[in-house]
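Coordinates from target-v4.txt are shown below (compact mmCIF, C-alpha atoms).
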# COMPACT_ATOMS: atom_id res chain seq x y z
CA MET P 94 148.42 78.87 305.69
CA ASN P 95 145.36 76.61 305.84
CA SER P 96 144.26 73.12 304.89
CA PHE P 97 141.44 74.03 302.48
CA GLY P 98 143.05 71.98 299.72
CA ALA P 99 143.21 68.86 301.86
CA ILE P 100 139.62 69.29 303.03
CA ARG P 101 138.29 69.91 299.51
CA THR P 102 140.07 66.81 298.23
CA THR P 103 138.67 64.76 301.11
CA LEU P 104 135.16 66.03 300.41
CA ALA P 105 135.50 65.17 296.71
CA VAL P 106 136.66 61.63 297.52
CA ALA P 107 133.79 61.34 300.00
CA VAL P 108 131.36 62.11 297.16
CA VAL P 109 132.86 59.32 295.03
CA TYR P 110 132.76 56.89 297.98
CA SER P 111 129.16 57.81 298.78
CA HIS P 112 128.04 57.42 295.15
CA ALA P 113 129.59 53.95 294.95
CA TYR P 114 126.73 52.44 296.94
CA PRO P 115 123.74 53.61 294.85
CA LEU P 116 125.58 53.59 291.51
CA GLY P 117 127.33 50.28 291.85
CA PHE P 118 124.89 48.30 293.95
CA GLY P 119 121.59 50.18 294.15
CA ARG P 120 121.95 50.56 297.93
CA PRO P 121 121.50 53.69 300.07
CA ALA P 122 124.62 55.76 300.51
CA PRO P 123 126.36 56.03 303.90
CA LEU P 124 124.64 58.31 306.44
CA SER P 125 121.30 57.97 304.68
CA GLN P 126 119.87 55.44 307.13
CA PHE P 127 121.61 56.94 310.17
CA SER P 128 120.14 60.37 309.36
CA GLY P 129 116.65 59.06 308.78
CA GLY P 130 116.85 60.01 305.12
CA GLN P 131 117.78 63.63 305.82
CA ILE P 132 121.07 63.42 303.92
CA ASP P 133 123.80 61.06 302.79
CA LEU P 134 127.58 61.41 302.87
CA GLY P 135 127.81 62.73 299.30
CA ARG P 136 125.31 65.53 299.82
CA LEU P 137 126.90 66.42 303.16
CA ALA P 138 130.23 66.74 301.35
CA VAL P 139 128.55 69.10 298.85
CA VAL P 140 127.38 71.21 301.80
CA GLY P 141 130.99 71.37 302.93
CA PHE P 142 132.09 72.50 299.47
CA PHE P 143 129.63 75.39 299.61
CA ALA P 144 130.82 76.52 303.04
CA LEU P 145 134.47 76.58 301.94
CA SER P 146 133.54 78.12 298.61
CA GLY P 147 131.66 80.95 300.32
CA PHE P 148 134.79 81.78 302.31
CA MET P 149 137.21 81.69 299.39
CA ILE P 150 134.98 83.30 296.77
CA THR P 151 134.09 86.20 299.05
CA GLY P 152 137.78 86.85 299.60
CA SER P 153 138.25 86.95 295.84
CA ALA P 154 135.27 89.31 295.42
CA VAL P 155 136.62 91.72 298.03
CA ARG P 156 140.08 91.86 296.43
CA SER P 157 139.00 92.12 292.78
CA THR P 158 137.12 94.41 290.46
CA ALA P 159 133.78 93.11 289.17
CA GLY P 160 135.25 92.24 285.77
CA ARG P 161 138.31 90.50 287.17
CA TYR P 162 136.20 88.59 289.70
CA SER P 163 133.85 87.34 286.97
CA TRP P 164 136.78 86.34 284.77
CA HIS P 165 138.46 84.39 287.58
CA ARG P 166 135.27 82.55 288.48
CA ALA P 167 134.60 81.63 284.86
CA LEU P 168 138.16 80.35 284.41
CA ARG P 169 137.95 78.19 287.51
CA ILE P 170 134.67 76.43 286.81
CA LEU P 171 133.80 76.49 283.10
CA PRO P 172 136.87 75.01 281.32
CA GLY P 173 136.89 71.97 283.61
CA LEU P 174 133.13 71.55 283.27
CA TRP P 175 133.14 71.85 279.48
CA ALA P 176 136.11 69.51 279.14
CA SER P 177 134.29 66.88 281.21
CA LEU P 178 131.24 67.23 278.97
CA LEU P 179 133.38 66.71 275.86
CA VAL P 180 135.00 63.65 277.42
CA CYS P 181 131.53 62.21 278.01
CA VAL P 182 130.20 63.11 274.57
CA LEU P 183 133.25 62.24 272.47
CA LEU P 184 134.81 59.34 274.39
CA VAL P 185 132.76 57.75 277.16
CA ALA P 186 129.29 57.68 275.62
CA PRO P 187 130.46 56.56 272.13
CA ALA P 188 132.49 53.74 273.68
CA LEU P 189 129.51 52.52 275.71
CA TYR P 190 127.20 52.92 272.70
CA TYR P 191 129.56 50.92 270.49
CA ARG P 192 129.86 48.23 273.14
CA THR P 193 126.08 47.78 273.11
CA HIS P 194 125.32 48.29 269.40
CA HIS P 195 128.65 47.24 267.80
CA SER P 196 128.38 50.40 265.73
CA LEU P 197 128.09 54.17 266.18
CA SER P 198 125.16 54.30 263.77
CA GLY P 199 122.39 56.29 265.42
CA TYR P 200 124.56 57.73 268.19
CA TRP P 201 124.62 61.30 266.89
CA SER P 202 121.08 61.26 265.50
CA HIS P 203 119.48 59.87 268.67
CA PRO P 204 116.67 62.14 270.03
CA ASP P 205 118.53 62.29 273.35
CA GLY P 206 121.92 62.32 271.68
CA PRO P 207 125.09 64.23 272.49
CA LEU P 208 124.03 67.58 271.03
CA ASN P 209 120.81 67.48 273.01
CA TYR P 210 122.79 66.63 276.15
CA LEU P 211 125.26 69.47 275.62
CA ALA P 212 122.40 71.93 275.12
CA GLY P 213 121.26 71.30 278.69
CA ALA P 214 124.55 70.49 280.38
CA TRP P 215 126.84 73.33 279.25
CA ASN P 216 125.64 75.37 282.26
CA ALA P 217 125.31 72.30 284.54
CA SER P 218 121.51 72.59 284.61
CA LEU P 219 121.05 69.17 282.92
CA SER P 220 117.77 70.56 281.63
CA THR P 221 117.61 68.31 278.55
CA GLY P 222 118.23 65.01 280.28
CA PHE P 223 120.79 63.00 282.22
CA ASP P 224 121.74 60.36 279.64
CA ILE P 225 123.39 60.41 276.21
CA SER P 226 121.82 58.26 273.48
CA ASP P 227 120.53 55.86 276.18
CA VAL P 228 123.99 54.45 276.91
CA ILE P 229 123.35 54.37 280.66
CA ASP P 230 119.75 53.28 280.18
CA ALA P 231 121.10 50.20 278.41
CA GLY P 232 123.11 49.41 281.52
CA VAL P 233 120.07 49.90 283.73
CA LYS P 234 118.09 47.47 281.60
CA ALA P 235 120.99 45.00 281.68
CA GLY P 236 121.13 45.24 285.47
CA THR P 237 124.69 46.59 285.67
CA ASN P 238 123.76 50.21 286.40
CA HIS P 239 121.32 51.58 288.95
CA ASP P 240 121.08 55.28 288.06
CA PRO P 241 119.95 56.75 284.71
CA GLY P 242 122.48 59.61 284.53
CA ILE P 243 125.93 59.76 283.02
CA ASN P 244 127.09 62.53 285.37
CA GLY P 245 124.61 63.34 288.09
CA SER P 246 127.22 65.22 290.14
CA LEU P 247 126.94 68.26 287.88
CA TRP P 248 123.66 69.37 289.46
CA SER P 249 125.40 71.29 292.28
CA LEU P 250 127.54 73.38 289.92
CA ASP P 251 124.42 75.21 288.78
CA TYR P 252 123.83 76.42 292.36
CA GLU P 253 127.52 77.14 292.84
CA MET P 254 127.52 79.47 289.85
CA LEU P 255 124.36 81.18 291.12
CA CYS P 256 126.19 81.88 294.38
CA TYR P 257 129.10 83.30 292.37
CA VAL P 258 126.72 85.67 290.60
CA MET P 259 125.10 86.70 293.89
CA MET P 260 128.48 87.46 295.50
CA GLY P 261 129.60 89.35 292.39
CA LEU P 262 126.53 91.55 292.56
CA LEU P 263 127.10 92.24 296.27
CA ALA P 264 130.72 93.17 295.53
CA ALA P 265 129.81 95.37 292.56
CA GLY P 266 127.27 97.20 294.71
CA GLY P 267 129.90 97.94 297.33
CA VAL P 268 128.15 95.83 299.95
CA LEU P 269 131.19 93.74 300.86
CA LEU P 270 133.29 96.82 301.62
CA ARG P 271 130.83 99.45 302.83
CA ALA P 272 127.88 97.44 304.19
CA LYS P 273 129.27 94.01 305.01
CA LYS P 274 126.73 93.53 307.81
CA THR P 275 124.30 92.79 304.99
CA VAL P 276 125.92 89.37 304.50
CA PRO P 277 125.30 88.01 308.03
CA LEU P 278 121.81 89.51 307.87
CA LEU P 279 121.10 87.60 304.66
CA THR P 280 122.53 84.50 306.33
CA LEU P 281 120.13 84.99 309.24
CA VAL P 282 117.20 85.34 306.84
CA GLY P 283 118.23 82.07 305.20
CA TRP P 284 118.46 80.36 308.59
CA ILE P 285 114.98 81.56 309.58
CA LEU P 286 113.52 80.18 306.35
CA ILE P 287 115.25 76.85 306.95
CA PHE P 288 114.15 76.71 310.59
CA GLU P 289 110.54 77.40 309.61
CA ASP P 290 110.77 74.76 306.90
CA TRP P 291 111.93 72.24 309.49
CA ARG P 292 109.45 73.36 312.14
CA THR P 293 106.43 73.13 309.86
CA THR P 294 107.34 69.75 308.33
CA PRO P 295 105.82 66.82 310.26
CA GLY P 296 108.28 64.86 312.39
CA ALA P 297 111.59 65.90 313.92
CA VAL P 298 113.66 63.74 311.55
CA ASN P 299 112.41 64.88 308.18
CA VAL P 300 113.20 66.15 304.73
CA PRO P 301 111.50 69.56 304.26
CA THR P 302 108.52 69.60 301.95
CA SER P 303 109.69 72.65 299.97
CA MET P 304 111.68 70.45 297.59
CA GLY P 305 108.82 70.34 295.09
CA HIS P 306 108.96 74.07 294.37
CA TYR P 307 111.26 75.49 291.74
CA LEU P 308 112.08 78.67 289.86
CA HIS P 309 113.08 79.30 286.25
CA VAL P 310 116.22 81.43 286.25
CA PRO P 311 117.58 82.84 282.96
CA VAL P 312 120.72 81.00 281.80
CA PHE P 313 120.61 78.63 284.78
CA GLY P 314 117.30 76.98 283.95
CA GLN P 315 115.16 75.21 286.54
CA VAL P 316 116.37 75.88 290.08
CA TYR P 317 114.82 74.02 293.00
CA LEU P 318 113.92 76.46 295.74
CA GLN P 319 115.05 74.25 298.62
CA TYR P 320 118.48 73.59 297.17
CA PHE P 321 118.90 77.27 296.34
CA VAL P 322 117.96 78.49 299.82
CA TYR P 323 119.80 75.78 301.74
CA LEU P 324 123.03 75.84 299.74
CA THR P 325 123.05 79.63 299.52
CA PHE P 326 122.67 79.73 303.31
CA VAL P 327 125.78 77.57 303.73
CA PHE P 328 127.65 79.64 301.14
CA LEU P 329 126.74 82.81 303.06
CA LEU P 330 127.96 81.20 306.28
CA GLY P 331 131.36 80.87 304.65
CA ALA P 332 131.13 84.43 303.32
CA THR P 333 130.37 85.72 306.82
CA VAL P 334 133.38 83.91 308.23
CA GLN P 335 135.56 85.54 305.55
CA LEU P 336 134.27 89.05 306.28
CA TYR P 337 134.59 88.66 310.06
CA LYS P 338 137.44 86.16 310.27
CA GLU P 339 139.30 88.24 312.87
CA ARG P 340 136.34 87.82 315.21
CA VAL P 341 135.62 84.13 314.65
CA PRO P 342 137.12 82.08 317.50
CA ILE P 343 138.97 78.93 316.47
CA ASN P 344 138.37 76.93 319.61
CA ALA P 345 138.69 73.19 320.26
CA GLY P 346 135.73 73.32 322.63
CA LEU P 347 133.52 74.86 319.95
CA ALA P 348 134.78 72.25 317.47
CA LEU P 349 133.80 69.46 319.88
CA LEU P 350 130.40 71.08 320.40
CA SER P 351 130.00 71.24 316.61
CA VAL P 352 130.65 67.50 316.36
CA VAL P 353 128.01 66.83 319.04
CA VAL P 354 125.43 69.08 317.35
CA LEU P 355 126.16 67.60 313.92
CA VAL P 356 125.83 63.99 315.06
CA ALA P 357 122.73 64.73 317.17
CA SER P 358 121.01 66.57 314.32
CA LEU P 359 121.83 63.75 311.92
CA ARG P 360 120.29 61.22 314.25
CA TYR P 361 117.43 63.12 315.85
CA GLY P 362 116.52 65.79 313.31
CA GLY P 363 117.12 69.45 312.59
CA LEU P 364 120.18 68.82 310.47
CA PHE P 365 119.51 71.64 308.05
CA ALA P 366 118.95 74.28 310.72
CA PHE P 367 121.53 73.17 313.31
CA GLY P 368 123.81 70.58 311.74
CA TYR P 369 124.75 72.67 308.70
CA PRO P 370 126.22 75.58 310.75
CA ALA P 371 127.96 73.08 313.04
CA PHE P 372 129.49 71.25 310.08
CA ALA P 373 130.65 74.53 308.53
CA TYR P 374 132.38 75.60 311.75
CA LEU P 375 134.02 72.19 312.09
CA LEU P 376 135.48 72.49 308.58
CA PHE P 377 136.91 75.94 309.29
CA TRP P 378 138.39 74.70 312.56
CA LEU P 379 140.03 71.81 310.72
CA ALA P 380 141.33 74.17 308.02
CA VAL P 381 143.21 76.11 310.69
CA ARG P 382 144.18 73.32 313.11
CA LEU P 383 145.21 70.42 310.89
CA PRO P 384 148.97 69.75 311.03
CA ARG P 385 151.32 71.46 308.58
CA PRO P 386 151.62 68.51 306.11
CA PHE P 387 147.93 68.88 305.31
CA GLN P 388 148.47 72.53 304.41
CA ARG P 389 150.59 71.58 301.41
CA ILE P 390 147.87 69.45 299.80
CA GLY P 391 146.22 71.18 296.86
CA VAL P 392 148.53 74.20 296.88
CA LYS P 393 150.39 73.42 293.64
CA ARG P 394 147.92 70.95 292.16
CA ASP P 395 144.23 70.91 293.01
CA PHE P 396 142.56 67.70 291.87
CA SER P 397 139.41 68.20 293.94
CA TYR P 398 137.31 69.75 291.15
CA GLY P 399 138.35 67.08 288.67
CA ILE P 400 137.55 64.33 291.16
CA TYR P 401 134.10 65.83 291.62
CA VAL P 402 133.22 66.29 287.94
CA TYR P 403 134.57 62.91 286.77
CA GLY P 404 133.82 60.60 289.69
CA PHE P 405 130.17 59.90 288.84
CA THR P 406 130.95 59.17 285.19
CA VAL P 407 133.81 56.82 286.00
CA GLU P 408 131.66 54.91 288.48
CA GLN P 409 128.94 54.52 285.87
CA VAL P 410 131.46 53.21 283.33
CA VAL P 411 132.99 50.74 285.80
CA ALA P 412 129.50 49.51 286.62
CA ALA P 413 128.53 49.26 282.94
CA LEU P 414 131.58 47.08 282.37
CA GLY P 415 130.36 44.75 285.10
CA TRP P 416 133.16 45.25 287.62
CA ASN P 417 130.65 45.98 290.37
CA ALA P 418 129.79 42.27 290.28
CA HIS P 419 133.07 41.70 292.12
CA GLY P 420 131.94 43.75 295.11
CA MET P 421 132.99 47.02 296.67
CA ARG P 422 136.60 45.90 297.18
CA VAL P 423 137.08 45.86 293.41
CA TYR P 424 134.54 48.43 292.29
CA LEU P 425 135.59 51.31 294.54
CA PRO P 426 139.38 51.14 293.96
CA LEU P 427 138.87 50.92 290.20
CA SER P 428 136.49 53.87 290.29
CA LEU P 429 138.82 55.97 292.44
CA ALA P 430 141.84 55.13 290.31
CA GLY P 431 140.08 56.10 287.07
CA THR P 432 138.72 59.25 288.67
CA VAL P 433 142.10 60.41 289.96
CA VAL P 434 143.72 59.81 286.56
CA LEU P 435 141.08 61.93 284.82
CA ALA P 436 141.26 64.56 287.57
CA ALA P 437 145.03 64.82 287.11
CA LEU P 438 144.65 65.15 283.34
CA SER P 439 141.97 67.77 283.87
CA TRP P 440 144.24 69.78 286.15
CA TYR P 441 147.36 69.64 283.99
CA LEU P 442 145.71 69.89 280.57
CA VAL P 443 142.68 72.11 281.23
CA GLU P 444 142.35 73.78 284.62
CA LYS P 445 145.95 74.89 285.24
CA PRO P 446 146.46 76.24 281.70
CA ALA P 447 143.15 78.10 281.96
CA LEU P 448 144.17 79.69 285.26
CA ARG P 449 147.32 81.07 283.63
CA ALA P 450 145.01 83.47 281.81
CA LYS P 451 143.67 84.98 285.04
CA ASP P 452 145.62 88.21 284.50
CA TRP P 453 144.68 88.53 280.82
CA THR P 454 142.91 91.75 279.91
CA PRO P 455 141.12 92.48 276.60
CA ARG P 456 142.92 95.06 274.42
CA PRO P 457 140.12 97.70 274.60
CA VAL P 458 140.15 97.47 278.40
CA ARG P 459 143.95 97.78 278.47
CA ALA P 460 143.78 100.81 276.19
CA LEU P 461 141.14 102.47 278.37
CA ALA P 462 143.17 101.80 281.52
CA ALA P 463 146.28 103.25 279.83
CA ARG P 464 144.42 106.43 278.87
CA ARG P 465 143.15 106.86 282.42
CA ALA P 466 146.64 106.30 283.80
CA ARG P 467 148.10 108.93 281.45
CA ARG P 468 145.46 111.47 282.46
CA ALA P 469 146.09 110.78 286.12
CA ALA P 470 149.87 111.15 285.69
CA ALA P 471 149.72 114.32 283.53
CA PRO P 472 150.51 117.66 285.27
CA GLY P 473 147.54 119.94 286.02
CA GLN P 474 146.55 122.20 283.15
CA ALA P 475 144.60 124.81 285.06
CA GLU P 476 146.33 128.24 285.05
CA PRO P 477 145.87 131.19 287.39
CA VAL P 478 143.28 133.69 286.14
CA GLY P 479 144.80 136.52 284.09
CA GLU P 480 148.00 134.73 283.11
CA PRO P 481 148.58 133.50 279.56
CA ALA P 482 148.73 129.79 279.04
CA ARG P 483 152.25 128.43 278.90
CA THR P 484 153.49 126.07 276.25
CA ALA P 485 155.66 123.22 277.43
CA VAL P 486 159.18 123.42 276.10
CA PRO P 487 160.73 120.14 275.14
CA ALA P 488 163.93 119.29 276.94
CA PRO P 489 167.07 119.70 274.89

Now, as a test, write the supplied structure out as structure tokens.
Amino acid sequence: MNSFGAIRTTLAVAVVYSHAYPLGFGRPAPLSQFSGGQIDLGRLAVVGFFALSGFMITGSAVRSTAGRYSWHRALRILPGLWASLLVCVLLVAPALYYRTHHSLSGYWSHPDGPLNYLAGAWNASLSTGFDISDVIDAGVKAGTNHDPGINGSLWSLDYEMLCYVMMGLLAAGGVLLRAKKTVPLLTLVGWILIFEDWRTTPGAVNVPTSMGHYLHVPVFGQVYLQYFVYLTFVFLLGATVQLYKERVPINAGLALLSVVVLVASLRYGGLFAFGYPAFAYLLFWLAVRLPRPFQRIGVKRDFSYGIYVYGFTVEQVVAALGWNAHGMRVYLPLSLAGTVVLAALSWYLVEKPALRAKDWTPRPVRALAARRARRAAAPGQAEPVGEPARTAVPAP
């Protein structure tokens, strides 16, 4: 047993809490000033998600065939994502548009309308824009909103899915079973790139300059090189822990050292090279050492994904309605309450039903598997040389 569910839920809530500051009040998120602009609480929580995801997804890849692994990953991430997009396009954005224009005229025909948004958001790339028919832009102009996007949290799902593809390819190539040392070696390569990025960027407390470079990846669209390298590095850290979990010490002293390294790197620099591994170890230590009640959280119902994909949108709506004018004590509880309600609906109506199909197999694949099973179970047909072939006699 472990406390991954509790930690994932905590990280998702941390993202919502962190976003409340810039979305509701146009202020820097927690940790931003303390870290000298290296990171804020929301992005650090995303880093934690990738570390835990690397551990869990690698376990799935080792246990599954390539087809089954791909099917499981698609079921876990796409139905919830697509449902959240439909909620935005069919409910949230029209309501905000009607509130501003007192009519839905022009909503669907807007140059940056819902169809345009879906064309770039279906894969979480957000390549065609962050707003829908300017409903959030209207709030920005009115002074109620401070960010132009209707769901900026989706950006990380693009990189998450890329990591899924990478791990699937490693599994399909037999690397995870027959050459698993490749994974820690790739992790080391990622660390060296990050260390060099930090070393060659002026100042100890800095944000690496590689952020401006990006790649165009088929299906996934524009991928920023820094995010890809840094988040893949953390994902591979989790994957390495999964592959060598019997050798990873779960030690309170190492956990305390991780806290020291994390805090020091936040304050004095080197977070990406030294703080990220320390944070990942701390999360794995907590997953093992948290008391038993925490181990039951998220086992039967996992709201963490729903909290993540709906939190940003709910906060934008609460701000657009002007509730942020009453301060954080009103804005944050309203945002969290709305987010949890939507997350629960997402789990019970979309995610959980989708996961019931995890063992579904297409009919042609079932037929092929049945034919192979029959051939494997059939008695050998080879006969000794010189003897006539025998014909099986049916039992009476």

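Shell of Gly141 of chain P at 9 Å, with only C-alpha atoms counted and residues fewer than 5 places along the chain excluded, is Ile100, Arg101, Leu104, Arg136, Ser146, Val327, Tyr369, Phe372, Ala373 and Leu376 of chain P.
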
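Between atom CA of Val354 of chain P and atom CA of Ala371 of chain P the separation is 6.4 Å.
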
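In this comparison, which uses all atoms listed in the file, the residue of P:Arg456, P:His306, P:Arg467, P:Lys274 approaching Tyr320 of chain P most closely is P:His306.
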
Do you know which residues are at most 7 Å from Phe405 of chain P counting all atoms listed in the file, after dropping those on the same chain fewer than 3 positions away, and could you put them as number ranges by chain? P: 109, 244-246, 408-409

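Comparing the minimum interatomic distances between Val155 of chain P and each of P:Pro370, P:Gly119, P:Pro172, P:Gly267, counting only C-alpha atoms, we find that P:Gly267 sits nearest.
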
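Proximity to Pro241 of chain P was assessed for P:Ala413, P:Met260, P:Leu270, P:Val322 counting only C-alpha atoms; the smallest distance is recorded for P:Ala413.
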
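If you count all atoms listed in the file and ignore residues fewer than 2 places along the chain from Leu349 of chain P, what sits within 12 Å of it is Ile343, Asn344, Ala345, Gly346, Leu347, Ser351, Val352, Val353, Val354, Leu355, Val356, Ala371, Phe372, Tyr374, Leu375, Leu376, Trp378 and Leu379 of chain P.
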
Take the point (131.2, 58.3, 301.6) as written in the file and pick out every residue within 9 Å of it, counting all atoms listed in the file; give the list as an mmCIF file with C-alpha atoms, in the coordinates of the input.
data_model
loop_
_atom_site.group_PDB
_atom_site.id
_atom_site.type_symbol
_atom_site.label_atom_id
_atom_site.label_comp_id
_atom_site.auth_asym_id
_atom_site.auth_seq_id
_atom_site.Cartn_x
_atom_site.Cartn_y
_atom_site.Cartn_z
ATOM 1 C CA LEU P 104 135.160 66.030 300.410
ATOM 2 C CA VAL P 106 136.660 61.630 297.520
ATOM 3 C CA ALA P 107 133.790 61.340 300.000
ATOM 4 C CA VAL P 108 131.360 62.110 297.160
ATOM 5 C CA VAL P 109 132.860 59.320 295.030
ATOM 6 C CA TYR P 110 132.760 56.890 297.980
ATOM 7 C CA SER P 111 129.160 57.810 298.780
ATOM 8 C CA HIS P 112 128.040 57.420 295.150
ATOM 9 C CA ALA P 113 129.590 53.950 294.950
ATOM 10 C CA TYR P 114 126.730 52.440 296.940
ATOM 11 C CA ALA P 122 124.620 55.760 300.510
ATOM 12 C CA PRO P 123 126.360 56.030 303.900
ATOM 13 C CA LEU P 124 124.640 58.310 306.440
ATOM 14 C CA ASP P 133 123.800 61.060 302.790
ATOM 15 C CA LEU P 134 127.580 61.410 302.870
ATOM 16 C CA GLY P 135 127.810 62.730 299.300
ATOM 17 C CA ALA P 138 130.230 66.740 301.350
#

Counting all atoms listed in the file, what is within 9 Å of Val182 of chain P, bar same-chain residues fewer than 4 positions away, as a PyMOL selection string? chain P and resi 177-178+186-187+206-208+210-211+225
